[in-house]
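Structure below is query_0.cif: mmCIF, C-alpha atoms.
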```
data_structure
loop_
_atom_site.label_atom_id
_atom_site.label_comp_id
_atom_site.auth_asym_id
_atom_site.auth_seq_id
_atom_site.Cartn_x
_atom_site.Cartn_y
_atom_site.Cartn_z
CA MET A 414 170.65 68.05 93.56
CA SER A 415 172.70 66.52 90.84
CA SER A 416 172.15 67.34 87.19
CA SER A 417 171.32 63.71 86.37
CA GLY A 418 168.26 63.81 88.57
CA SER A 419 166.73 66.54 86.37
CA LYS A 420 166.66 64.38 83.19
CA LYS A 421 163.26 62.92 82.16
CA GLY A 422 163.04 59.24 81.13
CA PHE A 423 160.59 57.49 78.73
CA CYS A 424 157.15 56.86 80.18
CA PRO A 425 156.42 53.11 80.00
CA PHE A 426 152.71 53.73 79.55
CA SER A 427 153.28 56.07 76.57
CA LEU A 428 155.52 53.51 74.93
CA PHE A 429 152.88 50.82 75.35
CA LEU A 430 150.15 53.08 73.95
CA PHE A 431 152.25 53.91 70.86
CA ALA A 432 152.95 50.23 70.14
CA ALA A 433 149.30 49.26 70.54
CA THR A 434 148.16 52.03 68.19
CA ALA A 435 150.70 51.01 65.54
CA ALA A 436 149.63 47.37 65.76
CA THR A 437 145.96 48.27 65.42
CA PHE A 438 146.67 50.40 62.37
CA ALA A 439 148.67 47.65 60.69
CA TYR A 440 145.96 45.08 61.43
CA GLY A 441 143.32 47.36 59.93
CA LYS A 442 145.34 47.71 56.73
CA LEU A 443 145.69 43.94 56.45
CA GLN A 444 141.94 43.50 56.92
CA ASP A 445 141.20 46.08 54.21
CA LYS A 446 143.54 44.33 51.76
CA SER A 447 142.00 40.92 52.55
CA SER A 448 138.49 42.28 52.00
CA THR A 449 139.52 43.86 48.69
CA ASP A 450 141.10 40.62 47.48
CA LYS A 451 137.99 38.64 48.39
CA ASP A 452 135.74 41.09 46.57
CA ALA A 453 137.95 40.84 43.49
CA ASP A 454 137.81 37.03 43.64
CA LYS A 455 134.01 37.13 43.90
CA SER A 456 133.79 39.46 40.92
CA ASN A 457 136.03 37.21 38.83
CA THR A 458 134.01 34.12 39.81
CA ALA A 459 130.73 35.85 38.99
CA ALA A 460 132.09 37.01 35.63
CA THR A 461 133.22 33.48 34.80
CA ALA A 462 129.87 31.98 35.83
CA THR A 463 128.00 34.57 33.79
CA SER A 464 130.11 34.19 30.67
CA ALA A 465 129.91 30.37 30.52
CA PRO A 466 126.17 30.09 29.79
CA ALA A 467 126.42 32.95 27.29
CA SER A 468 128.96 30.95 25.28
CA SER A 469 126.68 27.91 25.34
CA THR A 470 123.68 29.96 24.20
CA SER A 471 125.73 31.53 21.42
CA THR A 472 126.69 28.09 20.11
CA SER A 473 123.08 26.94 20.20
CA ASP A 474 121.91 30.01 18.30
CA THR A 475 124.27 29.29 15.41
CA LYS A 476 122.46 26.09 14.40
CA SER A 477 120.37 26.37 11.24
CA LYS A 478 116.61 25.93 11.50
CA VAL A 479 115.42 23.41 8.93
CA VAL A 480 112.02 22.38 7.63
CA PHE A 481 111.93 19.33 5.37
CA VAL A 482 109.28 19.66 2.64
CA LEU A 483 107.97 16.35 1.35
CA GLY A 484 105.26 15.27 -1.06
CA GLY A 485 104.95 13.27 -4.25
CA PRO A 486 106.38 14.51 -7.56
CA GLY A 487 104.22 17.44 -8.65
CA ALA A 488 102.70 18.08 -5.20
CA GLY A 489 103.85 21.72 -5.31
CA LYS A 490 106.88 21.59 -3.04
CA GLY A 491 108.99 23.96 -5.13
CA THR A 492 106.12 26.41 -5.61
CA GLN A 493 105.36 26.72 -1.89
CA CYS A 494 109.03 26.97 -0.97
CA GLU A 495 109.57 29.78 -3.45
CA LEU A 496 106.61 31.69 -2.01
CA LEU A 497 107.99 31.33 1.52
CA SER A 498 111.42 32.37 0.31
CA THR A 499 110.11 35.47 -1.45
CA ARG A 500 107.61 36.56 1.18
CA GLN A 501 109.24 35.46 4.44
CA GLY A 502 112.94 35.27 3.66
CA TRP A 503 113.50 31.54 4.05
CA ALA A 504 116.43 30.09 2.12
CA HIS A 505 115.12 27.45 -0.28
CA LEU A 506 117.17 24.45 -1.27
CA SER A 507 115.81 21.81 -3.61
CA ALA A 508 117.60 18.48 -3.35
CA GLY A 509 116.51 17.71 -6.91
CA ASP A 510 117.77 21.05 -8.28
CA LEU A 511 121.14 20.61 -6.57
CA LEU A 512 121.48 17.15 -8.07
CA ARG A 513 120.50 18.38 -11.53
CA ALA A 514 123.03 21.21 -11.30
CA GLU A 515 125.73 18.75 -10.27
CA ARG A 516 124.99 16.35 -13.10
CA ASN A 517 125.29 19.23 -15.58
CA SER A 518 128.61 20.33 -14.07
CA GLY A 519 130.65 17.63 -15.79
CA SER A 520 131.98 16.37 -12.45
CA ASP A 521 132.86 12.75 -11.71
CA LEU A 522 129.46 12.33 -10.06
CA ALA A 523 127.50 13.55 -13.07
CA SER A 524 127.05 10.22 -14.87
CA LEU A 525 125.98 8.41 -11.70
CA ILE A 526 123.44 11.11 -10.84
CA ASN A 527 122.16 11.13 -14.43
CA SER A 528 121.56 7.39 -14.48
CA LYS A 529 119.72 7.43 -11.15
CA ILE A 530 117.45 10.35 -12.06
CA ALA A 531 116.66 8.97 -15.51
CA ALA A 532 115.60 5.69 -13.90
CA GLY A 533 113.45 7.48 -11.32
CA GLN A 534 115.67 6.15 -8.54
CA ILE A 535 117.10 7.81 -5.43
CA VAL A 536 120.66 9.12 -5.62
CA PRO A 537 123.04 7.79 -2.91
CA ALA A 538 122.49 9.69 0.34
CA GLU A 539 126.13 10.73 0.79
CA ILE A 540 125.99 12.68 -2.47
CA THR A 541 122.72 14.45 -1.70
CA VAL A 542 123.61 15.37 1.89
CA GLY A 543 127.04 16.57 0.79
CA LEU A 544 125.47 18.92 -1.78
CA LEU A 545 122.94 20.23 0.77
CA GLU A 546 125.65 20.81 3.38
CA LYS A 547 127.79 22.77 0.91
CA ALA A 548 124.84 24.87 -0.27
CA MET A 549 123.84 25.75 3.31
CA SER A 550 127.42 26.63 4.19
CA ASP A 551 127.75 28.86 1.11
CA ILE A 552 124.56 30.75 1.97
CA ARG A 553 125.54 31.31 5.60
CA SER A 554 129.07 32.39 4.75
CA THR A 555 127.64 35.01 2.39
CA ASP A 556 124.96 36.16 4.87
CA PRO A 557 125.33 34.85 8.46
CA THR A 558 121.85 36.13 9.33
CA ARG A 559 120.21 33.59 7.01
CA THR A 560 119.64 30.65 9.33
CA LYS A 561 116.25 29.31 8.19
CA PHE A 562 116.21 26.69 5.44
CA LEU A 563 113.45 24.94 3.52
CA ILE A 564 114.77 21.71 2.01
CA ASP A 565 112.32 20.27 -0.48
CA GLY A 566 112.38 16.73 -1.80
CA PHE A 567 114.46 15.48 1.12
CA PRO A 568 114.78 13.06 2.88
CA ARG A 569 113.46 10.46 0.49
CA SER A 570 114.79 7.30 2.08
CA GLU A 571 115.99 5.84 5.35
CA GLY A 572 119.53 6.22 4.04
CA ASN A 573 118.94 9.96 3.60
CA VAL A 574 117.81 10.26 7.22
CA THR A 575 120.76 8.27 8.55
CA VAL A 576 123.41 10.24 6.66
CA TRP A 577 121.75 13.56 7.49
CA LYS A 578 121.87 12.78 11.22
CA GLU A 579 125.49 11.67 10.96
CA GLN A 580 126.68 14.76 9.09
CA MET A 581 124.30 17.57 10.05
CA SER A 582 123.03 17.06 13.62
CA ASP A 583 125.64 19.41 15.07
CA SER A 584 124.90 22.25 12.66
CA ALA A 585 121.17 21.99 11.85
CA ASP A 586 117.96 21.53 13.83
CA VAL A 587 115.00 19.97 11.96
CA ARG A 588 111.91 21.74 13.34
CA PHE A 589 109.30 19.70 11.48
CA VAL A 590 108.39 17.99 8.21
CA LEU A 591 105.90 19.74 5.93
CA PHE A 592 103.99 17.12 3.95
CA LEU A 593 102.02 18.30 0.91
CA ASP A 594 99.31 15.69 0.42
CA CYS A 595 98.16 15.48 -3.20
CA PRO A 596 96.42 12.73 -5.27
CA GLU A 597 98.53 11.04 -7.97
CA ASP A 598 96.17 11.98 -10.82
CA THR A 599 96.54 15.67 -9.94
CA MET A 600 100.31 15.35 -9.67
CA THR A 601 100.46 13.50 -13.02
CA SER A 602 98.56 16.29 -14.78
CA ARG A 603 100.85 18.91 -13.29
CA LEU A 604 104.02 17.05 -14.28
CA LEU A 605 102.88 16.43 -17.86
CA GLU A 606 101.96 20.10 -18.21
CA ARG A 607 105.33 21.13 -16.79
CA GLY A 608 107.10 18.70 -19.10
CA LYS A 609 105.90 20.64 -22.14
CA SER A 610 108.30 23.45 -21.28
CA SER A 611 110.73 22.15 -18.65
CA GLY A 612 112.77 19.87 -20.90
CA ARG A 613 113.23 17.55 -17.92
CA ASN A 614 113.48 13.89 -18.84
CA ASP A 615 111.85 12.91 -15.54
CA ASP A 616 108.61 14.70 -16.54
CA GLN A 617 107.79 12.01 -19.11
CA ILE A 618 104.95 9.61 -18.35
CA ASP A 619 107.04 6.43 -18.10
CA VAL A 620 109.48 8.07 -15.70
CA ILE A 621 106.63 9.70 -13.76
CA ARG A 622 105.16 6.27 -13.00
CA LYS A 623 108.55 5.08 -11.74
CA ARG A 624 108.88 8.16 -9.58
CA PHE A 625 105.49 7.54 -7.99
CA ALA A 626 106.44 3.92 -7.27
CA THR A 627 109.71 5.06 -5.69
CA PHE A 628 107.92 7.69 -3.62
CA ARG A 629 105.36 5.20 -2.31
CA GLY A 630 107.95 2.54 -1.55
CA GLU A 631 110.76 4.64 -0.06
CA SER A 632 109.58 8.15 0.82
CA MET A 633 106.18 7.49 2.38
CA PRO A 634 107.73 5.26 5.07
CA ILE A 635 109.89 8.27 5.99
CA VAL A 636 106.79 10.44 6.31
CA ASP A 637 105.20 7.75 8.50
CA MET A 638 108.36 7.58 10.64
CA TYR A 639 108.38 11.33 11.27
CA GLU A 640 104.63 11.26 11.92
CA LYS A 641 105.18 8.79 14.76
CA GLU A 642 107.68 11.27 16.20
CA GLY A 643 105.05 14.01 16.05
CA LYS A 644 107.03 16.05 13.53
CA VAL A 645 104.75 15.97 10.46
CA ARG A 646 102.56 18.94 9.50
CA LYS A 647 100.19 17.88 6.70
CA VAL A 648 98.61 20.27 4.20
CA VAL A 649 96.14 19.29 1.48
CA ALA A 650 97.83 20.38 -1.75
CA ASP A 651 95.32 19.79 -4.55
CA ARG A 652 93.94 23.31 -4.18
CA ASP A 653 94.67 26.81 -5.43
CA VAL A 654 98.28 27.80 -4.82
CA GLU A 655 97.36 30.75 -2.58
CA GLU A 656 94.98 28.65 -0.48
CA VAL A 657 97.73 26.12 0.12
CA TYR A 658 100.17 28.92 0.93
CA LYS A 659 97.93 30.37 3.66
CA ASP A 660 98.01 27.06 5.52
CA VAL A 661 101.75 26.61 4.96
CA ALA A 662 102.56 30.14 6.13
CA LYS A 663 100.73 29.59 9.42
CA LEU A 664 102.88 26.55 10.15
CA VAL A 665 106.19 28.42 9.89
CA GLU A 666 105.11 31.46 11.89
CA GLY A 667 107.37 32.11 14.83
CA LEU A 668 110.26 29.95 13.64
#
```
Represent the supplied structure as structure tokens.
Amino acid sequence: MSSSGSKKGFCPFSLFLFAATAATFAYGKLQDKSSTDKDADKSNTAATATSAPASSTSTSDTKSKVVFVLGGPGAGKGTQCELLSTRQGWAHLSAGDLLRAERNSGSDLASLINSKIAAGQIVPAEITVGLLEKAMSDIRSTDPTRTKFLIDGFPRSEGNVTVWKEQMSDSADVRFVLFLDCPEDTMTSRLLERGKSSGRNDDQIDVIRKRFATFRGESMPIVDMYEKEGKVRKVVADRDVEEVYKDVAKLVEGL
């Protein structure tokens, strides 16, 4: 027997089995990688879908909550707003006080504001809304948690409403209009009494009459407009301050 006949060759079946095993292993690795990639894609998609609404909600939450407080001169708007501010933490802005502060500032607007107030007339809406916007921005920049605002004595005309919507709709949400309903004789008595110590030239009887006429002609239609929209909350205001406050406080609960 020759020596070459004693040599062993490769078994074809073993070679086939080795190749099949290697291919199966490689395929399994590819499947694992594909599954991992898909899971990662799903996680990223879910994270994106979850984060999108959160951003929208965050933007919505940054809008200021506003209650307009209306009523004739001497109805008690400032008094009730101060009580809510002190006891419930609402920020109180008086359109009239902001205008009076501006007219005493010596700015270019001062003489125009002075002439309008002295005549019992309404100051141009762009001025009033601009002052309110700045005051709200100043308060929120100092304390971002203060998002609830009482704005008394505004809006007093259709022009006020129009300019407010144009400039403030994106940053403020008007929840409702608080209307303090008070007879003119009661308001007159209050204003004359206040005039003894306030030094305000609009607390004099001739100016008071003009203010009432302006309120009836320009502001009451605004109250009627909001009432048709279902946004007016009326409180009888010719009562004791604390009695009025109890009713007012109930209206702002939960805001």
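When all atoms listed in the file are used to measure the gap to Ala532 in chain A, the shortest distance among A:Arg624, A:Lys578, A:Arg646, A:Lys663 belongs to A:Arg624.
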For Val636 in chain A, which residue among A:Glu515, A:Asp594, A:Asp586, A:Asp556 is the nearest when counting all atoms listed in the file?
->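 Smallest separation from Val636 in chain A among the options: A:Asp594.
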Name the residues that the PyMOL selection byres ((chain A and resi 548-550) around 9) pulls out of this structure, and write them as a list in words.
->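 That selection, the PyMOL selection byres ((chain A and resi 548-550) around 9), comes back as Ser477, Ala504, Leu506, Leu511, Gly543, Leu544, Leu545, Glu546, Lys547, Asp551, Ile552, Arg553, Ser554, Thr555, Thr560 and Phe562 of chain A.
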Dump C-alpha atoms for the selected residues as a PDB file, in the coordinates of the input?
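Saved file again31.pdb follows:
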```pdb
ATOM      1  CA  SER A 477     120.370  26.370  11.240  1.00  0.00           C
ATOM      2  CA  ALA A 504     116.430  30.090   2.120  1.00  0.00           C
ATOM      3  CA  LEU A 506     117.170  24.450  -1.270  1.00  0.00           C
ATOM      4  CA  LEU A 511     121.140  20.610  -6.570  1.00  0.00           C
ATOM      5  CA  GLY A 543     127.040  16.570   0.790  1.00  0.00           C
ATOM      6  CA  LEU A 544     125.470  18.920  -1.780  1.00  0.00           C
ATOM      7  CA  LEU A 545     122.940  20.230   0.770  1.00  0.00           C
ATOM      8  CA  GLU A 546     125.650  20.810   3.380  1.00  0.00           C
ATOM      9  CA  LYS A 547     127.790  22.770   0.910  1.00  0.00           C
ATOM     10  CA  ASP A 551     127.750  28.860   1.110  1.00  0.00           C
ATOM     11  CA  ILE A 552     124.560  30.750   1.970  1.00  0.00           C
ATOM     12  CA  ARG A 553     125.540  31.310   5.600  1.00  0.00           C
ATOM     13  CA  SER A 554     129.070  32.390   4.750  1.00  0.00           C
ATOM     14  CA  THR A 555     127.640  35.010   2.390  1.00  0.00           C
ATOM     15  CA  THR A 560     119.640  30.650   9.330  1.00  0.00           C
ATOM     16  CA  PHE A 562     116.210  26.690   5.440  1.00  0.00           C
TER      17      PHE A 562
END
```
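Coordinates place CA of Asn517 in chain A at a distance of 13.4 Å from CA of Ala531 in chain A.
If all atoms listed in the file are the atoms counted, then among A:Gly502, A:Pro634, A:Pro557, A:Gly533 the closest residue to Thr475 in chain A is A:Pro557.
Distances here use all atoms listed in the file; by that measure, the residue among A:Ile564, A:Leu525, A:Val542, A:Val590 closest to Lys641 in chain A is A:Val590.
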What is the CA of Asp660 in chain A-CA of Gly491 in chain A distance in Å, reported with one decimal?
-> 15.6 Å
For Val665 in chain A, which residue out of A:Gln534, A:Ser498, A:Thr627, A:Ser528 is the nearest one, using all atoms listed in the file?
-> A:Ser498
Pick from A:Asn614, A:Ser582, A:Ser570, A:Thr599, whichever lies nearest to Phe628 in chain A using only C-alpha atoms | A:Ser570
Between CA of Lys476 in chain A and CA of Arg559 in chain A - distance in Å to one decimal = 10.8 Å
Could you pull the residues within 7 Å of Val479 in chain A, counting only C-alpha atoms, minus those fewer than 3 positions along the same chain, as a VMD selection string?
-> chain A and resid 561 to 563 585 to 588
Find the residues near Pro596 in chain A: any atom within 9 Å, counting all atoms listed in the file, skip ones fewer than 4 places away on the same chain, and give them as a list in words.
->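 My reading of the contact set: Gly485, Ala488, Met600, Thr601, Ala650 and Asp651 of chain A.
Residues in contact range of Leu664 in chain A, defined as at most 12 Å between only C-alpha atoms, with sequence neighbours fewer than 3 positions away removed, read A:Val480, A:Leu497, A:Arg588, A:Phe589, A:Val590, A:Leu591, A:Phe592, A:Lys644, A:Val645, A:Arg646, A:Lys647, A:Val648, A:Val657, A:Tyr658, A:Lys659, A:Asp660, A:Val661, A:Gly667, A:Leu668.
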Would you kindly translate the PyMOL selection byres ((chain A and resi 486) around 12) into the concrete residues it picks from this file, as a short mmCIF file (atom, residue, chain, number, x, y, z; two decimals) with C-alpha atoms, in the frame of the given file?
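In the end it all went to expr-v3.cif:
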```
data_model
loop_
_atom_site.label_atom_id
_atom_site.label_comp_id
_atom_site.auth_asym_id
_atom_site.auth_seq_id
_atom_site.Cartn_x
_atom_site.Cartn_y
_atom_site.Cartn_z
CA VAL A 482 109.28 19.66 2.64
CA LEU A 483 107.97 16.35 1.35
CA GLY A 484 105.26 15.27 -1.06
CA GLY A 485 104.95 13.27 -4.25
CA GLY A 487 104.22 17.44 -8.65
CA ALA A 488 102.70 18.08 -5.20
CA GLY A 489 103.85 21.72 -5.31
CA LYS A 490 106.88 21.59 -3.04
CA GLY A 491 108.99 23.96 -5.13
CA GLY A 509 116.51 17.71 -6.91
CA GLY A 533 113.45 7.48 -11.32
CA ASP A 565 112.32 20.27 -0.48
CA GLY A 566 112.38 16.73 -1.80
CA PHE A 567 114.46 15.48 1.12
CA ARG A 569 113.46 10.46 0.49
CA LEU A 593 102.02 18.30 0.91
CA ASP A 594 99.31 15.69 0.42
CA CYS A 595 98.16 15.48 -3.20
CA PRO A 596 96.42 12.73 -5.27
CA GLU A 597 98.53 11.04 -7.97
CA ASP A 598 96.17 11.98 -10.82
CA THR A 599 96.54 15.67 -9.94
CA MET A 600 100.31 15.35 -9.67
CA THR A 601 100.46 13.50 -13.02
CA SER A 602 98.56 16.29 -14.78
CA ARG A 603 100.85 18.91 -13.29
CA LEU A 604 104.02 17.05 -14.28
CA LEU A 605 102.88 16.43 -17.86
CA ARG A 607 105.33 21.13 -16.79
CA ASP A 615 111.85 12.91 -15.54
CA ASP A 616 108.61 14.70 -16.54
CA GLN A 617 107.79 12.01 -19.11
CA ILE A 618 104.95 9.61 -18.35
CA VAL A 620 109.48 8.07 -15.70
CA ILE A 621 106.63 9.70 -13.76
CA ARG A 622 105.16 6.27 -13.00
CA LYS A 623 108.55 5.08 -11.74
CA ARG A 624 108.88 8.16 -9.58
CA PHE A 625 105.49 7.54 -7.99
CA ALA A 626 106.44 3.92 -7.27
CA THR A 627 109.71 5.06 -5.69
CA PHE A 628 107.92 7.69 -3.62
CA ARG A 629 105.36 5.20 -2.31
CA SER A 632 109.58 8.15 0.82
CA ALA A 650 97.83 20.38 -1.75
#
```
Using only the atoms of range 511-526 of chain A listed in the file, plus 8 Å on each side, state the axis-aligned box centre and edge lengths in Å rounded to one decimal, as JSON.
```
{"center_x": 126.7, "center_y": 14.8, "center_z": -11.2, "size_x": 28.4, "size_y": 28.8, "size_z": 25.2}
```
Name the residues in contact with Ala514 in chain A at a cut-off of 12 Å, using all atoms listed in the file, excluding same-chain residues fewer than 4 positions from it; report them as an NGL selection string.
-> :A and (507-510 or 518-520 or 522-523 or 526-527 or 541 or 544 or 548)
Filled-in all heavy atoms of range 533-544 of chain A, supplied as a PDB file, in the coordinates of the input:
```pdb
ATOM      1  N   GLY A 533     114.418   7.173 -12.361  1.00  0.00           N
ATOM      2  CA  GLY A 533     113.450   7.480 -11.320  1.00  0.00           C
ATOM      3  C   GLY A 533     113.872   6.967  -9.957  1.00  0.00           C
ATOM      4  O   GLY A 533     113.037   6.802  -9.053  1.00  0.00           O
ATOM      5  N   GLN A 534     115.163   6.712  -9.789  1.00  0.00           N
ATOM      6  CA  GLN A 534     115.670   6.150  -8.540  1.00  0.00           C
ATOM      7  C   GLN A 534     116.277   7.240  -7.651  1.00  0.00           C
ATOM      8  O   GLN A 534     116.518   8.368  -8.090  1.00  0.00           O
ATOM      9  CB  GLN A 534     116.727   5.086  -8.838  1.00  0.00           C
ATOM     10  CG  GLN A 534     116.180   3.899  -9.617  1.00  0.00           C
ATOM     11  CD  GLN A 534     117.281   2.918  -9.999  1.00  0.00           C
ATOM     12  OE1 GLN A 534     118.465   3.198  -9.834  1.00  0.00           O
ATOM     13  NE2 GLN A 534     116.885   1.772 -10.525  1.00  0.00           N
ATOM     14  N   ILE A 535     116.530   6.866  -6.390  1.00  0.00           N
ATOM     15  CA  ILE A 535     117.100   7.810  -5.430  1.00  0.00           C
ATOM     16  C   ILE A 535     118.621   7.783  -5.512  1.00  0.00           C
ATOM     17  O   ILE A 535     119.243   6.721  -5.532  1.00  0.00           O
ATOM     18  CB  ILE A 535     116.634   7.460  -3.998  1.00  0.00           C
ATOM     19  CG1 ILE A 535     115.119   7.694  -3.877  1.00  0.00           C
ATOM     20  CG2 ILE A 535     117.384   8.287  -2.961  1.00  0.00           C
ATOM     21  CD1 ILE A 535     114.537   7.286  -2.536  1.00  0.00           C
ATOM     22  N   VAL A 536     119.202   8.975  -5.566  1.00  0.00           N
ATOM     23  CA  VAL A 536     120.660   9.120  -5.620  1.00  0.00           C
ATOM     24  C   VAL A 536     121.245   8.763  -4.246  1.00  0.00           C
ATOM     25  O   VAL A 536     120.617   9.021  -3.213  1.00  0.00           O
ATOM     26  CB  VAL A 536     121.024  10.574  -5.997  1.00  0.00           C
ATOM     27  CG1 VAL A 536     122.527  10.808  -5.913  1.00  0.00           C
ATOM     28  CG2 VAL A 536     120.502  10.905  -7.397  1.00  0.00           C
ATOM     29  N   PRO A 537     122.429   8.139  -4.191  1.00  0.00           N
ATOM     30  CA  PRO A 537     123.040   7.790  -2.910  1.00  0.00           C
ATOM     31  C   PRO A 537     123.042   8.969  -1.926  1.00  0.00           C
ATOM     32  O   PRO A 537     123.350  10.107  -2.287  1.00  0.00           O
ATOM     33  CB  PRO A 537     124.475   7.403  -3.299  1.00  0.00           C
ATOM     34  CG  PRO A 537     124.321   6.837  -4.674  1.00  0.00           C
ATOM     35  CD  PRO A 537     123.258   7.679  -5.328  1.00  0.00           C
ATOM     36  N   ALA A 538     122.699   8.655  -0.677  1.00  0.00           N
ATOM     37  CA  ALA A 538     122.490   9.690   0.340  1.00  0.00           C
ATOM     38  C   ALA A 538     123.727  10.555   0.570  1.00  0.00           C
ATOM     39  O   ALA A 538     123.614  11.774   0.798  1.00  0.00           O
ATOM     40  CB  ALA A 538     122.074   9.033   1.652  1.00  0.00           C
ATOM     41  N   GLU A 539     124.903   9.961   0.533  1.00  0.00           N
ATOM     42  CA  GLU A 539     126.130  10.730   0.790  1.00  0.00           C
ATOM     43  C   GLU A 539     126.296  11.871  -0.201  1.00  0.00           C
ATOM     44  O   GLU A 539     126.788  12.949   0.160  1.00  0.00           O
ATOM     45  CB  GLU A 539     127.352   9.806   0.737  1.00  0.00           C
ATOM     46  CG  GLU A 539     127.461   8.800   1.873  1.00  0.00           C
ATOM     47  CD  GLU A 539     126.529   7.614   1.708  1.00  0.00           C
ATOM     48  OE1 GLU A 539     125.916   7.468   0.624  1.00  0.00           O
ATOM     49  OE2 GLU A 539     126.400   6.830   2.669  1.00  0.00           O
ATOM     50  N   ILE A 540     125.892  11.633  -1.445  1.00  0.00           N
ATOM     51  CA  ILE A 540     125.990  12.680  -2.470  1.00  0.00           C
ATOM     52  C   ILE A 540     125.015  13.805  -2.172  1.00  0.00           C
ATOM     53  O   ILE A 540     125.376  14.994  -2.158  1.00  0.00           O
ATOM     54  CB  ILE A 540     125.730  12.092  -3.872  1.00  0.00           C
ATOM     55  CG1 ILE A 540     126.814  11.082  -4.244  1.00  0.00           C
ATOM     56  CG2 ILE A 540     125.648  13.216  -4.913  1.00  0.00           C
ATOM     57  CD1 ILE A 540     126.574  10.370  -5.566  1.00  0.00           C
ATOM     58  N   THR A 541     123.753  13.437  -1.929  1.00  0.00           N
ATOM     59  CA  THR A 541     122.720  14.450  -1.700  1.00  0.00           C
ATOM     60  C   THR A 541     122.999  15.288  -0.463  1.00  0.00           C
ATOM     61  O   THR A 541     122.926  16.527  -0.497  1.00  0.00           O
ATOM     62  CB  THR A 541     121.343  13.773  -1.555  1.00  0.00           C
ATOM     63  OG1 THR A 541     121.105  12.919  -2.676  1.00  0.00           O
ATOM     64  CG2 THR A 541     120.237  14.816  -1.492  1.00  0.00           C
ATOM     65  N   VAL A 542     123.335  14.638   0.650  1.00  0.00           N
ATOM     66  CA  VAL A 542     123.610  15.370   1.890  1.00  0.00           C
ATOM     67  C   VAL A 542     124.842  16.253   1.727  1.00  0.00           C
ATOM     68  O   VAL A 542     124.872  17.395   2.221  1.00  0.00           O
ATOM     69  CB  VAL A 542     123.785  14.407   3.077  1.00  0.00           C
ATOM     70  CG1 VAL A 542     124.210  15.167   4.328  1.00  0.00           C
ATOM     71  CG2 VAL A 542     122.488  13.650   3.346  1.00  0.00           C
ATOM     72  N   GLY A 543     125.840  15.771   1.025  1.00  0.00           N
ATOM     73  CA  GLY A 543     127.040  16.570   0.790  1.00  0.00           C
ATOM     74  C   GLY A 543     126.723  17.842   0.014  1.00  0.00           C
ATOM     75  O   GLY A 543     127.245  18.920   0.329  1.00  0.00           O
ATOM     76  N   LEU A 544     125.856  17.741  -0.996  1.00  0.00           N
ATOM     77  CA  LEU A 544     125.470  18.920  -1.780  1.00  0.00           C
ATOM     78  C   LEU A 544     124.653  19.899  -0.933  1.00  0.00           C
ATOM     79  O   LEU A 544     124.831  21.123  -1.025  1.00  0.00           O
ATOM     80  CB  LEU A 544     124.658  18.488  -3.006  1.00  0.00           C
ATOM     81  CG  LEU A 544     125.422  17.692  -4.076  1.00  0.00           C
ATOM     82  CD1 LEU A 544     124.460  17.215  -5.167  1.00  0.00           C
ATOM     83  CD2 LEU A 544     126.532  18.546  -4.697  1.00  0.00           C
TER      84      LEU A 544
END
```
